[in-house]
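Participant: CSV, C-alpha atoms and all ligand atoms, file query.csv:
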chain,number,residue,atom,x,y,z
A,10,MET,CA,-5.4,-160.6,-43.2
A,11,GLN,CA,-3.1,-163.6,-42.5
A,12,PRO,CA,-1.1,-164.7,-45.6
A,13,ALA,CA,-2.5,-168.0,-46.9
A,14,THR,CA,-0.3,-170.9,-46.0
A,15,GLN,CA,0.5,-173.6,-48.6
A,16,PRO,CA,-1.3,-176.8,-47.5
A,17,THR,CA,1.2,-179.7,-47.4
A,18,ILE,CA,0.2,-182.2,-50.0
A,19,GLN,CA,-0.1,-185.6,-48.3
A,20,LEU,CA,-0.4,-188.1,-51.1
A,21,ALA,CA,-1.5,-191.7,-50.4
A,22,GLU,CA,1.3,-194.1,-49.6
A,23,ARG,CA,0.6,-195.9,-52.8
A,24,ALA,CA,1.4,-192.8,-54.8
A,25,GLU,CA,5.0,-193.0,-53.6
A,26,ARG,CA,5.3,-196.5,-55.0
A,27,ILE,CA,5.4,-195.5,-58.6
A,28,SER,CA,7.5,-193.2,-60.7
A,29,LEU,CA,7.1,-191.7,-64.1
A,30,SER,CA,8.2,-194.0,-66.9
A,31,PRO,CA,11.9,-193.3,-67.7
A,32,THR,CA,11.4,-194.0,-71.4
A,33,GLY,CA,9.0,-191.0,-71.5
A,34,ALA,CA,11.6,-188.7,-69.9
A,35,VAL,CA,14.1,-189.4,-72.8
A,36,LEU,CA,11.4,-188.6,-75.4
A,37,ILE,CA,10.6,-185.3,-73.6
A,38,ALA,CA,14.3,-184.3,-73.6
A,39,ALA,CA,14.6,-185.2,-77.3
A,40,GLU,CA,11.5,-183.2,-78.1
A,41,ARG,CA,13.0,-180.1,-76.3
A,42,LEU,CA,16.1,-180.3,-78.5
A,43,ARG,CA,14.0,-180.7,-81.7
A,44,ALA,CA,12.0,-177.6,-80.7
A,45,ARG,CA,15.3,-175.7,-80.8
A,46,GLY,CA,15.7,-176.9,-84.5
A,47,ILE,CA,18.2,-179.7,-83.7
A,48,ASP,CA,18.0,-182.8,-85.8
A,49,VAL,CA,17.8,-185.7,-83.3
A,50,VAL,CA,17.9,-189.4,-84.3
A,51,ASN,CA,15.3,-191.0,-82.1
A,52,PHE,CA,16.4,-194.4,-81.0
A,53,GLY,CA,14.4,-194.0,-77.8
A,54,VAL,CA,11.0,-194.9,-79.3
A,55,GLY,CA,9.2,-198.0,-78.2
A,56,GLU,CA,6.7,-198.2,-81.0
A,57,PRO,CA,6.5,-199.2,-84.7
A,58,ASP,CA,7.2,-196.4,-87.2
A,59,PHE,CA,4.7,-198.0,-89.7
A,60,PRO,CA,1.2,-196.6,-90.0
A,61,THR,CA,-1.6,-198.8,-88.9
A,62,PRO,CA,-2.6,-201.1,-91.9
A,63,GLU,CA,-5.3,-199.6,-94.1
A,64,HIS,CA,-8.0,-202.3,-93.6
A,65,ILE,CA,-7.8,-201.7,-89.8
A,66,LYS,CA,-8.1,-197.9,-90.2
A,67,GLN,CA,-11.0,-198.3,-92.6
A,68,ALA,CA,-12.9,-200.5,-90.0
A,69,ALA,CA,-12.5,-197.6,-87.6
A,70,VAL,CA,-13.9,-195.2,-90.1
A,71,ARG,CA,-16.9,-197.5,-90.7
A,72,ALA,CA,-17.4,-197.8,-86.9
A,73,LEU,CA,-17.6,-194.0,-86.6
A,74,GLU,CA,-20.0,-193.7,-89.5
A,75,GLN,CA,-22.2,-196.3,-87.9
A,76,ASN,CA,-22.1,-194.4,-84.7
A,77,PHE,CA,-20.4,-197.0,-82.6
A,78,THR,CA,-19.4,-194.2,-80.2
A,79,LYS,CA,-21.1,-195.4,-77.1
A,80,TYR,CA,-20.0,-197.4,-74.0
A,81,THR,CA,-19.4,-201.0,-74.8
A,82,PRO,CA,-19.7,-203.9,-72.4
A,83,THR,CA,-16.8,-203.6,-69.9
A,84,PRO,CA,-15.0,-206.8,-71.1
A,85,GLY,CA,-15.2,-205.6,-74.7
A,86,ILE,CA,-17.6,-206.3,-77.6
A,87,SER,CA,-18.4,-210.0,-77.9
A,88,PRO,CA,-17.3,-210.3,-81.6
A,89,LEU,CA,-13.9,-209.0,-80.6
A,90,ARG,CA,-13.6,-211.3,-77.5
A,91,GLU,CA,-14.5,-214.2,-79.8
A,92,ALA,CA,-12.1,-213.0,-82.5
A,93,ILE,CA,-9.2,-212.8,-80.0
A,94,CYS,CA,-9.9,-216.3,-78.8
A,95,GLN,CA,-9.9,-217.6,-82.4
A,96,TRP,CA,-6.9,-215.5,-83.4
A,97,HIS,CA,-4.9,-216.9,-80.5
A,98,ARG,CA,-6.0,-220.4,-81.4
A,99,ARG,CA,-4.9,-219.9,-85.0
A,100,GLU,CA,-1.6,-218.3,-84.2
A,101,PHE,CA,-0.6,-220.4,-81.2
A,102,GLY,CA,-2.8,-223.4,-80.9
A,103,THR,CA,-4.6,-222.4,-77.6
A,104,ASP,CA,-8.1,-223.2,-76.7
A,105,TYR,CA,-9.7,-220.1,-75.0
A,106,GLN,CA,-13.4,-219.4,-74.9
A,107,LEU,CA,-15.1,-216.0,-74.7
A,108,PRO,CA,-15.6,-215.9,-70.9
A,109,GLU,CA,-11.9,-216.5,-70.5
A,110,SER,CA,-11.1,-213.2,-72.3
A,111,VAL,CA,-11.2,-209.5,-71.6
A,112,ILE,CA,-10.4,-206.6,-73.9
A,113,THR,CA,-8.2,-204.0,-72.1
A,114,VAL,CA,-6.8,-200.5,-72.7
A,115,GLY,CA,-3.5,-201.7,-74.2
A,116,GLY,CA,-1.5,-204.7,-73.0
A,117,LYS,CA,-0.4,-202.5,-70.2
A,118,GLN,CA,-3.8,-202.5,-68.6
A,119,ALA,CA,-4.0,-206.3,-68.9
A,120,LEU,CA,-0.7,-206.6,-67.0
A,121,PHE,CA,-1.6,-204.0,-64.5
A,122,ASN,CA,-5.0,-205.5,-63.7
A,123,ALA,CA,-3.7,-209.0,-63.6
A,124,LEU,CA,-1.0,-208.1,-61.1
A,125,SER,CA,-3.5,-206.0,-59.1
A,126,MET,CA,-6.0,-208.8,-58.8
A,127,LEU,CA,-3.4,-211.5,-57.9
A,128,VAL,CA,-0.7,-209.9,-55.8
A,129,ASN,CA,-1.3,-209.4,-52.0
A,130,HIS,CA,0.9,-207.2,-49.8
A,131,GLY,CA,4.1,-209.1,-49.2
A,132,ASP,CA,3.7,-211.5,-52.1
A,133,GLU,CA,6.7,-212.0,-54.3
A,134,VAL,CA,6.8,-211.7,-58.1
A,135,ILE,CA,9.7,-213.3,-59.9
A,136,LEU,CA,10.8,-210.8,-62.5
A,137,PRO,CA,13.6,-211.5,-65.0
A,138,ALA,CA,16.0,-208.7,-65.7
A,139,PRO,CA,16.6,-206.9,-68.0
A,140,TYR,CA,12.9,-206.1,-67.6
A,141,TRP,CA,10.4,-203.7,-69.2
A,142,VAL,CA,10.5,-200.4,-67.3
A,143,SER,CA,6.9,-200.6,-66.1
A,144,PHE,CA,7.0,-204.0,-64.4
A,145,PRO,CA,8.7,-203.1,-61.1
A,146,ASP,CA,6.3,-200.2,-60.5
A,147,MET,CA,3.3,-202.3,-61.4
A,148,ILE,CA,4.4,-205.0,-58.9
A,149,ARG,CA,5.1,-202.4,-56.2
A,150,TYR,CA,1.8,-200.6,-56.8
A,151,ALA,CA,0.0,-203.9,-56.3
A,152,GLY,CA,1.8,-204.3,-52.9
A,153,GLY,CA,4.2,-207.0,-54.1
A,154,GLU,CA,7.9,-207.3,-54.1
A,155,ALA,CA,9.9,-208.0,-57.2
A,156,ARG,CA,12.5,-210.8,-56.9
A,157,ILE,CA,14.9,-210.2,-59.8
A,158,VAL,CA,16.3,-213.1,-61.9
A,159,HIS,CA,19.4,-211.8,-63.7
A,160,THR,CA,19.6,-213.4,-67.1
A,161,ASN,CA,23.0,-213.9,-68.6
A,162,ALA,CA,24.4,-211.8,-71.5
A,163,GLY,CA,26.6,-214.7,-72.5
A,164,ASP,CA,23.5,-216.8,-73.0
A,165,GLY,CA,21.8,-214.1,-75.1
A,166,PHE,CA,19.7,-213.0,-72.0
A,167,ARG,CA,17.6,-216.2,-72.4
A,168,LEU,CA,15.6,-216.9,-69.2
A,169,ARG,CA,16.2,-220.4,-67.9
A,170,ALA,CA,13.9,-222.4,-65.6
A,171,ALA,CA,16.7,-223.4,-63.2
A,172,GLN,CA,17.4,-219.7,-62.5
A,173,VAL,CA,13.7,-219.1,-61.8
A,174,GLU,CA,13.4,-222.1,-59.5
A,175,ALA,CA,16.3,-220.8,-57.3
A,176,LEU,CA,14.2,-217.8,-56.4
A,177,VAL,CA,11.0,-219.5,-55.5
A,178,THR,CA,9.9,-219.1,-51.9
A,179,PRO,CA,6.6,-219.8,-50.1
A,180,ARG,CA,5.7,-216.2,-50.8
A,181,THR,CA,6.1,-216.4,-54.6
A,182,LYS,CA,2.8,-215.7,-56.3
A,183,VAL,CA,3.6,-214.9,-59.9
A,184,LEU,CA,6.3,-215.5,-62.5
A,185,LEU,CA,6.2,-212.7,-65.0
A,186,VAL,CA,7.8,-213.5,-68.4
A,187,ASN,CA,8.1,-211.3,-71.4
A,188,SER,CA,9.2,-213.0,-74.5
A,189,PRO,CA,10.4,-211.7,-77.0
A,190,ASN,CA,11.8,-209.4,-74.4
A,191,ASN,CA,11.9,-205.6,-74.2
A,192,PRO,CA,14.7,-204.5,-74.0
A,193,THR,CA,17.0,-207.4,-75.0
A,194,GLY,CA,15.0,-209.1,-77.8
A,195,ALA,CA,15.7,-212.4,-76.1
A,196,VAL,CA,13.2,-215.2,-76.7
A,197,VAL,CA,12.6,-217.9,-74.1
A,198,PRO,CA,13.3,-221.3,-75.7
A,199,ASP,CA,10.1,-223.3,-76.0
A,200,GLU,CA,11.4,-226.1,-73.9
A,201,GLU,CA,12.4,-223.7,-71.1
A,202,PHE,CA,8.9,-222.3,-71.1
A,203,GLY,CA,7.7,-225.9,-70.6
A,204,ARG,CA,10.0,-226.3,-67.6
A,205,MET,CA,8.8,-223.0,-66.2
A,206,LEU,CA,5.2,-224.0,-66.5
A,207,GLU,CA,6.0,-227.3,-64.8
A,208,LEU,CA,7.7,-225.5,-61.9
A,209,CYS,CA,4.8,-223.0,-61.6
A,210,GLN,CA,2.4,-225.9,-61.4
A,211,ARG,CA,4.5,-227.7,-58.8
A,212,HIS,CA,4.8,-224.5,-56.6
A,213,ASN,CA,1.3,-223.2,-57.3
A,214,ILE,CA,2.6,-220.0,-59.0
A,215,TRP,CA,0.8,-218.0,-61.7
A,216,LEU,CA,2.7,-217.7,-64.9
A,217,LEU,CA,1.9,-214.3,-66.4
A,218,THR,CA,3.1,-214.2,-69.9
A,219,ASP,CA,3.5,-210.9,-71.7
A,220,GLU,CA,3.1,-211.6,-75.4
A,221,CYS,CA,3.3,-208.0,-76.6
A,222,TYR,CA,6.0,-208.8,-79.2
A,223,SER,CA,4.8,-212.3,-80.0
A,224,HIS,CA,5.0,-211.9,-83.8
A,225,LEU,CA,8.2,-209.8,-84.1
A,226,LEU,CA,10.6,-212.7,-84.4
A,227,PHE,CA,13.7,-213.1,-86.5
A,228,GLY,CA,15.3,-216.1,-88.3
A,229,ASP,CA,13.4,-219.3,-88.1
A,230,LEU,CA,11.6,-218.5,-84.8
A,231,LYS,CA,7.8,-219.0,-84.8
A,232,PRO,CA,5.3,-217.4,-82.5
A,233,PHE,CA,4.9,-219.4,-79.3
A,234,SER,CA,2.5,-219.3,-76.4
A,235,VAL,CA,3.1,-221.2,-73.2
A,236,ALA,CA,-0.7,-221.3,-72.8
A,237,ALA,CA,-0.8,-223.8,-75.7
A,238,LEU,CA,1.1,-226.5,-73.8
A,239,PRO,CA,-1.1,-229.3,-72.6
A,240,GLY,CA,-2.6,-228.6,-69.2
A,241,ALA,CA,-1.2,-225.1,-69.1
A,242,LYS,CA,-4.4,-223.1,-68.9
A,243,GLY,CA,-5.0,-223.5,-65.2
A,244,ASN,CA,-1.8,-221.7,-64.3
A,245,VAL,CA,-1.3,-219.2,-67.1
A,246,ILE,CA,-2.5,-215.7,-67.8
A,247,VAL,CA,-1.8,-214.3,-71.2
A,248,ALA,CA,-1.4,-210.5,-71.7
A,249,GLY,CA,-1.5,-209.6,-75.3
A,250,SER,CA,-1.5,-206.4,-77.3
A,251,PHE,CA,-2.4,-205.0,-80.8
A,252,SER,CA,0.1,-202.2,-80.3
A,253,LYS,CA,3.3,-203.7,-81.8
A,254,THR,CA,2.0,-206.6,-83.9
A,255,PHE,CA,-0.4,-204.4,-85.9
A,256,ALA,CA,1.3,-201.0,-85.4
A,257,MET,CA,-1.6,-199.8,-83.3
A,258,THR,CA,0.1,-198.2,-80.2
A,259,GLY,CA,-2.2,-195.1,-80.1
A,260,TRP,CA,-5.5,-197.1,-80.4
A,261,ARG,CA,-4.9,-198.6,-77.0
A,262,VAL,CA,-6.2,-202.1,-77.3
A,263,GLY,CA,-4.9,-205.2,-75.6
A,264,PHE,CA,-6.4,-208.3,-74.1
A,265,ALA,CA,-6.0,-210.9,-71.4
A,266,LEU,CA,-6.8,-214.6,-71.6
A,267,GLY,CA,-6.9,-216.8,-68.5
A,268,PRO,CA,-9.0,-218.7,-66.0
A,269,LYS,CA,-12.5,-217.2,-65.7
A,270,PRO,CA,-12.3,-216.2,-62.0
A,271,ILE,CA,-9.2,-214.1,-62.7
A,272,ILE,CA,-10.6,-212.6,-65.8
A,273,ASP,CA,-13.8,-211.8,-63.9
A,274,ALA,CA,-11.8,-210.0,-61.2
A,275,MET,CA,-10.0,-208.0,-63.9
A,276,ILE,CA,-13.3,-207.1,-65.5
A,277,ARG,CA,-14.6,-205.9,-62.1
A,278,LEU,CA,-11.5,-203.7,-61.7
A,279,GLN,CA,-11.9,-202.3,-65.2
A,280,SER,CA,-15.6,-201.6,-64.5
A,281,GLN,CA,-14.6,-199.3,-61.7
A,282,SER,CA,-11.7,-197.6,-63.6
A,283,THR,CA,-11.6,-197.3,-67.3
A,284,THR,CA,-15.0,-199.0,-68.1
A,285,ASN,CA,-14.0,-200.2,-71.6
A,286,ALA,CA,-11.4,-199.9,-74.3
A,287,THR,CA,-12.4,-197.2,-76.8
A,288,SER,CA,-15.4,-198.4,-78.9
A,289,ILE,CA,-13.9,-197.4,-82.2
A,290,SER,CA,-10.6,-198.9,-81.4
A,291,GLN,CA,-12.3,-202.2,-80.6
A,292,TYR,CA,-13.8,-202.3,-84.1
A,293,ALA,CA,-10.4,-201.6,-85.6
A,294,ALA,CA,-9.0,-204.4,-83.5
A,295,LEU,CA,-11.7,-206.7,-84.7
A,296,ALA,CA,-10.6,-206.0,-88.3
A,297,ALA,CA,-7.0,-206.7,-87.2
A,298,ALA,CA,-7.8,-210.0,-85.5
A,299,THR,CA,-10.0,-211.3,-88.3
A,300,GLY,CA,-8.0,-209.9,-91.2
A,301,PRO,CA,-5.0,-211.0,-93.2
A,302,MET,CA,-1.7,-211.4,-91.3
A,303,ASP,CA,0.5,-210.6,-94.3
A,304,CYS,CA,0.8,-206.9,-93.1
A,305,VAL,CA,2.4,-208.2,-89.9
A,306,GLN,CA,4.7,-210.4,-91.9
A,307,ALA,CA,5.7,-207.4,-94.1
A,308,MET,CA,6.6,-205.3,-91.1
A,309,ARG,CA,8.4,-208.2,-89.5
A,310,SER,CA,10.7,-208.6,-92.5
A,311,GLU,CA,11.4,-204.9,-92.6
A,312,TYR,CA,12.5,-205.0,-89.0
A,313,GLU,CA,14.7,-208.0,-89.8
A,314,GLN,CA,16.5,-206.0,-92.5
A,315,ARG,CA,17.0,-203.1,-90.1
A,316,ARG,CA,18.3,-205.5,-87.4
A,317,ALA,CA,21.0,-206.6,-89.8
A,318,VAL,CA,22.1,-203.0,-90.4
A,319,VAL,CA,22.0,-202.2,-86.7
A,320,LEU,CA,24.2,-205.2,-85.8
A,321,GLU,CA,26.6,-204.4,-88.5
A,322,GLY,CA,26.8,-200.7,-87.4
A,323,LEU,CA,27.3,-201.7,-83.7
A,324,ALA,CA,30.0,-204.2,-84.6
A,325,ALA,CA,31.9,-201.2,-86.0
A,326,ILE,CA,31.8,-199.3,-82.7
A,327,PRO,CA,34.9,-200.1,-80.6
A,328,GLY,CA,34.1,-201.7,-77.3
A,329,VAL,CA,30.4,-202.2,-77.9
A,330,VAL,CA,29.0,-205.7,-77.2
A,331,CYS,CA,25.5,-206.7,-78.3
A,332,SER,CA,23.7,-210.1,-78.2
A,333,PRO,CA,21.8,-210.3,-81.5
A,334,PRO,CA,18.1,-209.8,-80.6
A,335,GLU,CA,15.9,-212.7,-81.6
A,336,GLY,CA,12.7,-210.7,-81.5
A,337,ALA,CA,11.1,-207.2,-80.8
A,338,PHE,CA,12.8,-204.2,-82.4
A,339,TYR,CA,15.5,-203.2,-79.9
A,340,ALA,CA,19.2,-203.7,-79.6
A,341,PHE,CA,20.6,-203.8,-76.1
A,342,LEU,CA,24.2,-203.0,-76.1
A,343,ASN,CA,26.9,-203.1,-73.4
A,344,VAL,CA,29.0,-199.9,-73.6
A,345,GLU,CA,31.3,-200.5,-70.6
A,346,GLN,CA,34.3,-201.1,-72.7
A,347,THR,CA,33.9,-198.2,-75.1
A,348,PRO,CA,36.6,-195.6,-75.2
A,349,ARG,CA,34.2,-193.0,-73.8
A,350,VAL,CA,33.1,-194.9,-70.8
A,351,ARG,CA,36.6,-196.1,-70.1
A,352,ALA,CA,37.9,-192.6,-70.2
A,353,LEU,CA,35.2,-191.4,-67.8
A,354,ARG,CA,36.1,-194.2,-65.4
A,355,ALA,CA,39.8,-193.4,-65.7
A,356,ARG,CA,39.0,-189.8,-64.6
A,357,ASN,CA,36.7,-191.2,-61.8
A,358,GLU,CA,33.8,-189.4,-63.3
A,359,VAL,CA,30.2,-190.7,-63.2
A,360,ALA,CA,29.9,-193.2,-66.0
A,361,ASP,CA,26.5,-194.6,-65.5
A,362,THR,CA,24.3,-194.9,-68.6
A,363,ALA,CA,21.7,-192.4,-67.1
A,364,ARG,CA,24.4,-189.8,-67.5
A,365,LEU,CA,25.6,-191.2,-70.8
A,366,VAL,CA,22.2,-190.9,-72.5
A,367,VAL,CA,22.0,-187.3,-71.5
A,368,ASP,CA,25.4,-186.6,-73.0
A,369,LEU,CA,24.6,-188.7,-76.1
A,370,LEU,CA,21.5,-186.6,-76.7
A,371,GLU,CA,23.1,-183.2,-76.0
A,372,GLU,CA,26.4,-183.9,-77.9
A,373,GLY,CA,25.6,-186.7,-80.3
A,374,HIS,CA,22.0,-185.8,-81.0
A,375,VAL,CA,20.8,-189.4,-80.6
A,376,ALA,CA,18.1,-190.4,-78.1
A,377,ALA,CA,18.6,-193.8,-76.4
A,378,VAL,CA,17.4,-195.3,-73.1
A,379,HIS,CA,19.8,-196.0,-70.3
A,380,GLY,CA,20.3,-199.5,-69.0
A,381,GLU,CA,19.5,-198.7,-65.4
A,382,ALA,CA,15.9,-198.2,-66.4
A,383,PHE,CA,15.7,-201.9,-67.3
A,384,GLY,CA,17.7,-203.1,-64.3
A,385,ALA,CA,20.9,-203.4,-66.3
A,386,PRO,CA,23.6,-200.8,-65.7
A,387,GLY,CA,26.2,-200.5,-68.4
A,388,TYR,CA,23.8,-200.9,-71.2
A,389,LEU,CA,21.9,-198.8,-73.7
A,390,ARG,CA,18.7,-199.7,-75.5
A,391,ILE,CA,18.3,-198.5,-79.0
A,392,SER,CA,15.1,-199.0,-81.1
A,393,PHE,CA,15.2,-199.9,-84.7
A,394,ALA,CA,11.7,-198.9,-85.4
A,395,ASN,CA,13.2,-196.3,-87.7
A,396,SER,CA,14.1,-196.0,-91.4
A,397,LEU,CA,17.3,-197.5,-92.6
A,398,GLU,CA,18.6,-194.0,-93.4
A,399,ARG,CA,18.0,-192.7,-89.9
A,400,ILE,CA,19.4,-195.9,-88.4
A,401,ARG,CA,22.7,-195.5,-90.4
A,402,GLU,CA,22.9,-191.8,-89.4
A,403,GLY,CA,22.2,-192.6,-85.7
A,404,LEU,CA,24.8,-195.3,-85.6
A,405,SER,CA,27.4,-193.1,-87.2
A,406,ARG,CA,26.7,-190.4,-84.5
A,407,MET,CA,26.9,-193.0,-81.8
A,408,LYS,CA,30.2,-194.3,-83.1
A,409,ALA,CA,31.7,-190.8,-83.0
A,410,PHE,CA,30.3,-190.2,-79.5
A,411,LEU,CA,31.3,-193.5,-77.9
A,412,SER,CA,34.8,-193.5,-79.5
A,413,ALA,CA,35.5,-189.9,-78.3
B,501,LIG,N1,4.8,-205.1,-72.6
B,501,LIG,C1,6.0,-204.7,-73.0
B,501,LIG,C2,7.2,-205.5,-72.8
B,501,LIG,C3,6.1,-203.5,-73.7
B,501,LIG,O1,7.3,-203.1,-74.2
B,501,LIG,C4,4.9,-202.7,-73.8
B,501,LIG,C5,5.0,-201.4,-74.5
B,501,LIG,O2,6.0,-200.8,-74.7
B,501,LIG,C6,3.7,-203.2,-73.3
B,501,LIG,C7,3.7,-204.4,-72.7
B,501,LIG,C8,2.4,-202.4,-73.4
B,501,LIG,O3,2.0,-202.0,-74.6
B,501,LIG,P1,0.6,-201.5,-74.9
B,501,LIG,O4,0.0,-201.1,-73.6
B,501,LIG,O5,0.7,-200.4,-75.9
B,501,LIG,O6,-0.2,-202.7,-75.4
Have the structure of the file written as structure tokens, please.
Ligand code: PLP
Facilitator:
Amino acid sequence: MQPATQPTIQLAERAERISLSPTGAVLIAAERLRARGIDVVNFGVGEPDFPTPEHIKQAAVRALEQNFTKYTPTPGISPLREAICQWHRREFGTDYQLPESVITVGGKQALFNALSMLVNHGDEVILPAPYWVSFPDMIRYAGGEARIVHTNAGDGFRLRAAQVEALVTPRTKVLLVNSPNNPTGAVVPDEEFGRMLELCQRHNIWLLTDECYSHLLFGDLKPFSVAALPGAKGNVIVAGSFSKTFAMTGWRVGFALGPKPIIDAMIRLQSQSTTNATSISQYAALAAATGPMDCVQAMRSEYEQRRAVVLEGLAAIPGVVCSPPEGAFYAFLNVEQTPRVRALRARNEVADTARLVVDLLEEGHVAAVHGEAFGAPGYLRISFANSLERIREGLSRMKAFLSA
């Protein structure tokens, strides 16, 4: 008998356009060390360490008891769509109606589906860097090409309309803005958002705004949505999420708000892929959107305390430079001038942060994410969704490692 030959696996061309999320790879490596009994400080996480607030969990328990365990309408249960529109109105001053809303499987699906329904092959999407790791792949998967706007560390990584305008071409279809930003924590100033809206309207570009961290703001900053500006709705698509605001990452609920034809197209795509966000999660999200916001405020002020400890700890590490984050729960630090990186360079050794995070994990037992993943070589992202005690421990380990 002939030996069976291995068939060559010929994946579709679109399969080659995406890679595994690099933040996941760090977590897997950290998990491997932990399995060997090593105490790892996890600064790699991208999710709140708080449990989901009690009233939200109880709503899910009730939904289960009432057997809300069936398919729901594809765009989500009507009370939740209505509640999202009202929540967004209360929090930001927008004016969305139920047909302009869709409930998605996390904010990620809202972003993925919006890009899939808007971007044609060869279209350009203006993407500010440092960017969230998933954006370039989502754009590529949709057939588009990311045109990167490099924000300036000296300006706290704030995105400016003039930088965006310089990249507009006849092929520009979408401007994708994430504020507060993952990984830098930068917040687009309200007036710059206004200028960006104006340029999008002038050039007939969609402004896709990722409001995933909308309520995690520090100092005097208040939640802001560009969709609330007069005349904005025709050009804006909002992608929102319950994940970070309400500490609900595992429930997988997000939403999109926008002009009905786009929302309808996103619903069609969802109807042929995931069908609907989990029924029980939708009832939990309904309790979140209609319930008190003081739990969000309590988590926010806890992050603010941690941020102060992180900034103090980073200031004590020689050579580290970090713009204070204005929102989200990450610090994005430049490590180019640390003794460790300088020594690697002096020896002509590879000193990229992809290598540095591997060494930091192996030697320093701290998990962080490398800057290259966010389009920013020379940087590390650390998350302060961690207890003060673990933050102090992790920073002291980082100091020892980067000073070595
Ligand atoms: N947008 C940004 C900037 C994020 O960091 C994340 C998650 O890390 C998301 C969107 C998606 O979150 P989810 O799908 O959990 O709502």
Participant: Pull the neighbourhood of (7.5, -219.8, -65.5) for me: all residues within 9 Å in file coordinates, counting all atoms listed in the file, as a list in words.
Facilitator: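 Within 9 Å of (7.5, -219.8, -65.5), the protein and nucleic acid residues are Ile135, Ala170, Val173, Glu174, Val183, Leu184, Leu185, Val186, Glu201, Phe202, Gly203, Arg204, Met205, Leu206, Glu207, Leu208, Cys209, Gln210, Ile214, Trp215, Leu216, Leu217, Thr218, Val235 and Val245 of chain A.
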Participant: Suppose we keep C-alpha atoms; can you now write the selection as a PDB file, in the coordinates of the input?
Facilitator:
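And here is the file that came out, part-v1.pdb:
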ATOM      1  CA  ILE A 135       9.700-213.300 -59.900  1.00  0.00           C
ATOM      2  CA  ALA A 170      13.900-222.400 -65.600  1.00  0.00           C
ATOM      3  CA  VAL A 173      13.700-219.100 -61.800  1.00  0.00           C
ATOM      4  CA  GLU A 174      13.400-222.100 -59.500  1.00  0.00           C
ATOM      5  CA  VAL A 183       3.600-214.900 -59.900  1.00  0.00           C
ATOM      6  CA  LEU A 184       6.300-215.500 -62.500  1.00  0.00           C
ATOM      7  CA  LEU A 185       6.200-212.700 -65.000  1.00  0.00           C
ATOM      8  CA  VAL A 186       7.800-213.500 -68.400  1.00  0.00           C
ATOM      9  CA  GLU A 201      12.400-223.700 -71.100  1.00  0.00           C
ATOM     10  CA  PHE A 202       8.900-222.300 -71.100  1.00  0.00           C
ATOM     11  CA  GLY A 203       7.700-225.900 -70.600  1.00  0.00           C
ATOM     12  CA  ARG A 204      10.000-226.300 -67.600  1.00  0.00           C
ATOM     13  CA  MET A 205       8.800-223.000 -66.200  1.00  0.00           C
ATOM     14  CA  LEU A 206       5.200-224.000 -66.500  1.00  0.00           C
ATOM     15  CA  GLU A 207       6.000-227.300 -64.800  1.00  0.00           C
ATOM     16  CA  LEU A 208       7.700-225.500 -61.900  1.00  0.00           C
ATOM     17  CA  CYS A 209       4.800-223.000 -61.600  1.00  0.00           C
ATOM     18  CA  GLN A 210       2.400-225.900 -61.400  1.00  0.00           C
ATOM     19  CA  ILE A 214       2.600-220.000 -59.000  1.00  0.00           C
ATOM     20  CA  TRP A 215       0.800-218.000 -61.700  1.00  0.00           C
ATOM     21  CA  LEU A 216       2.700-217.700 -64.900  1.00  0.00           C
ATOM     22  CA  LEU A 217       1.900-214.300 -66.400  1.00  0.00           C
ATOM     23  CA  THR A 218       3.100-214.200 -69.900  1.00  0.00           C
ATOM     24  CA  VAL A 235       3.100-221.200 -73.200  1.00  0.00           C
ATOM     25  CA  VAL A 245      -1.300-219.200 -67.100  1.00  0.00           C
TER      26      VAL A 245
END
Participant: Show me which residues line ligand LIG 501 (chain B), defined as having an atom within 7 Å of a ligand atom where only C-alpha atoms and all ligand atoms count, and present them as a list in words.
Facilitator: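 Listing the residues within 7 Å of ligand LIG 501 (chain B) gives Gly55, Glu56, Val114, Gly115, Gly116, Lys117, Gln118, Trp141, Asn187, Asn190, Asn191, Asp219, Cys221, Ser250, Phe251, Ser252, Thr258, Arg261, Val262 and Gly263 of chain A.
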Participant: Could you check the closest approach to Gly131 (chain A) for each of A:Glu313, A:Glu109, A:Glu154, A:Asp273 and tell me which residue wins, using only C-alpha atoms?
Facilitator: A:Glu154
Participant: Could you check how far CA of Tyr339 (chain A) sits from CA of Ser392 (chain A), in Å to one decimal?
Facilitator: 4.4 Å
Participant: Distance CA of Tyr222 (chain A)-CA of Ala337 (chain A), one decimal place?
Facilitator: 5.6 Å
Participant: Calculated over all atoms listed in the file, which of the candidates A:Ala241, A:Val177, A:Ile289, A:Ala413 has the smallest distance to Asn76 (chain A)?
Facilitator: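 Among the listed residues, A:Ile289 lies closest to Asn76 (chain A).
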Participant: Excluding Ser396 (chain A) and residues on its chain fewer than 2 positions from it, collect all residues at most 12 Å away from it, counting all atoms listed in the file, and give them as a list in words.
Facilitator: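 Returned residues: Val50, Asn51, Phe52, Pro57, Asp58, Phe59, Met308, Glu311, Tyr312, Gln314, Arg315, Arg316, Val318, Val319, Ser392, Phe393, Ala394, Glu398, Arg399, Ile400, Arg401, Glu402 and Gly403 of chain A.
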Participant: Which of these residues is nearest to Ala376 (chain A), using only C-alpha atoms: A:Val305, A:Ala248, A:Leu238, A:Val35?
Facilitator: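 Comparing A:Val305, A:Ala248, A:Leu238, A:Val35 against Ala376 (chain A), the winner is A:Val35.
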Participant: Interatomic distance between CA of Glu74 (chain A) and CA of Gly249 (chain A)?
Facilitator: 28.2 Å
Participant: With distances taken over only C-alpha atoms, which residue among A:Ile47, A:Ala21, A:Val247, A:Ala340 lies nearest Ile391 (chain A)?
Facilitator: A:Ala340
